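Undergrad: Below is a structure I'd like to ask you about.
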Amino acid sequence: MNISDTYSFILSLLGAAAAGLVGGFALMKRMTLAGDVISHIALPGLGLALLLKFNPLLGGAATLFLGTFLIWQLQKKTGLATETAIGVMFAAAVAVGALVTPKEDLIEALFGGFERISAWEFAVGLIAIGFIAFFIAKYKNRLVLSFFSPELATAEGVNLSRVNLYFLLIFSLTIIMGLQFLGALLVGALIIIPAATARNLTGTLGSFLVISAAVAILSVAAGYLVSTKLNLSLGPTVISVASIIFGVSLFIRQK
């Protein structure tokens, strides 16, 4: 493994840890399925970037953050539920993405791949993951309070609209970190499945977040090893491993 591959592998593991942590809060907010849909909002940007021959992640990030802001505005202005606002954006994004993405690049946009990255891309990725970790550490209590008791959160001076926007943006940033190696179709699953697995194994907040992050890291590491040995696609292999771990957690829960 050369230095570029090492950068990609390390960043994918750290991105998995971020996905596990953010997924835990998404589960608490009951937006895990809606969160999977958010990743598809990156499709138009990915497609345009591939069509115009520039970095797909930049295009995906642009439409993802724009879509996230529009979702927040739809909620704020119309009172729509998060799932409804996301559903509207999802339908539009998939349609536009399918139209603009070159057919030969569509599979890559949907399922990703283990691409080599440069030193500066690695540094930017580390900064992004550090920002996600900082946000969770700083806003953890406010997020939990706003998810489970909005009235009490308001009484405590928490700006629910602002916290919701911050969380949506962090959620989108986490998706961006996984787009490169999982693609728009599968990246949301790395947020959903580890959190669901952790929920089966524990009932305390601290251990729930730790287990969720650990399952995500294990899924990526094992998925990388299996896909390398058997010459399989990385994204589907990672999510298959995560699904197997989830299945095992169901048996543990029953016991």
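The chains in the structure tokens are called A, B, ... from first to last as shown; in each chain the residues are counted from 1, and the ligands are counted from 1 in the order shown.
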Find the residues around Gly125 in chain A up to 12 Å (only C-alpha atoms counted), leave out those fewer than 4 positions away in its own chain, and share them as a count of residues only.

TA: 26

Undergrad: For the interface of range 16-75 of chain A with range 202-213 of chain A (cut-off 6 Å, counting only C-alpha atoms), please tabulate each contacting residue of range 16-75 of chain A alongside its nearest pair of atoms and their separation in Å to one decimal, rows sorted by chain and increasing number, as JSON lines.

TA:
{"residue": "A:Ala17", "atom": "CA", "partner": "A:Ala213", "partner_atom": "CA", "distance": 4.5}
{"residue": "A:Gly20", "atom": "CA", "partner": "A:Ala213", "partner_atom": "CA", "distance": 3.9}
{"residue": "A:Leu21", "atom": "CA", "partner": "A:Ala213", "partner_atom": "CA", "distance": 5.5}
{"residue": "A:Gly24", "atom": "CA", "partner": "A:Leu209", "partner_atom": "CA", "distance": 5.9}

Undergrad: Can you write just those residues out, C-alpha atoms, as a PDB file, in the first residue's frame?

TA:
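And here's result.pdb as it stands now:
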ATOM      1  CA  ALA A  17     -16.153   6.878  13.019  1.00  0.00           C
ATOM      2  CA  GLY A  20     -21.203   6.202  13.489  1.00  0.00           C
ATOM      3  CA  LEU A  21     -21.369   9.159  15.871  1.00  0.00           C
ATOM      4  CA  GLY A  24     -26.401   7.856  16.667  1.00  0.00           C
TER       5      GLY A  24
END

Undergrad: Using only C-alpha atoms, which of the listed residues (A:Ala189, A:Ala123, A:Ala155, A:Ile170) sits closest to Phe135 in chain A?

TA: A:Ile170

Undergrad: Excluding same-chain residues fewer than 2 positions from Leu50 in chain A, what lies within 9 Å of it counting only C-alpha atoms, as a compact mmCIF listing (two decimals) with C-alpha atoms, in the first residue's frame?

TA:
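Okay, this is what ended up in selection_37.txt:
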# COMPACT_ATOMS: atom_id res chain seq x y z
CA GLY A 45 -23.38 17.90 -8.29
CA LEU A 46 -21.55 14.62 -8.81
CA GLY A 47 -23.02 14.32 -12.28
CA LEU A 48 -22.14 17.87 -13.32
CA LEU A 52 -17.33 18.95 -16.73
CA LYS A 53 -14.25 16.95 -15.65
CA PHE A 54 -13.55 18.41 -12.20
CA ASN A 55 -13.42 16.93 -8.69
CA PRO A 56 -16.75 15.10 -8.13
CA GLY A 59 -19.77 19.17 -7.06
CA THR A 101 -24.57 12.24 -15.04
CA PRO A 102 -22.72 10.63 -17.98
CA ASP A 105 -19.89 7.38 -14.76
CA ALA A 109 -21.42 8.11 -8.70

Undergrad: What's the 12 Å shell around Val248 in chain A, counting only C-alpha atoms, without same-chain residues fewer than 4 positions away, as a VMD selection string?

TA: chain A and resid 194 196 to 198 200 to 201 215 241 to 244 252 to 255

Undergrad: Produce a file of the selected residues containing C-alpha atoms, as a CSV table (one decimal), in the first residue's frame.

TA:
chain,number,residue,atom,x,y,z
A,194,PRO,CA,-24.1,1.0,12.8
A,196,ALA,CA,-29.2,0.6,14.6
A,197,THR,CA,-26.7,-2.1,15.7
A,198,ALA,CA,-25.6,-0.1,18.7
A,200,ASN,CA,-29.6,-3.3,19.9
A,201,LEU,CA,-26.6,-3.7,22.2
A,215,VAL,CA,-19.2,-0.9,14.2
A,241,VAL,CA,-20.3,-6.4,6.4
A,242,ALA,CA,-22.3,-3.8,8.4
A,243,SER,CA,-25.5,-5.7,7.7
A,244,ILE,CA,-24.0,-8.9,8.9
A,252,ILE,CA,-27.3,-10.9,21.0
A,253,ARG,CA,-30.3,-8.7,21.9
A,254,GLN,CA,-32.6,-11.7,22.0
A,255,LYS,CA,-30.3,-13.4,24.5

Undergrad: Name the closest residue to Thr84 in chain A among the candidates A:Met31, A:Leu234, A:Ile136, A:Ala49; distances are taken between atoms, counting only C-alpha atoms.

TA: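 Under the stated criterion, the closest residue is A:Met31.
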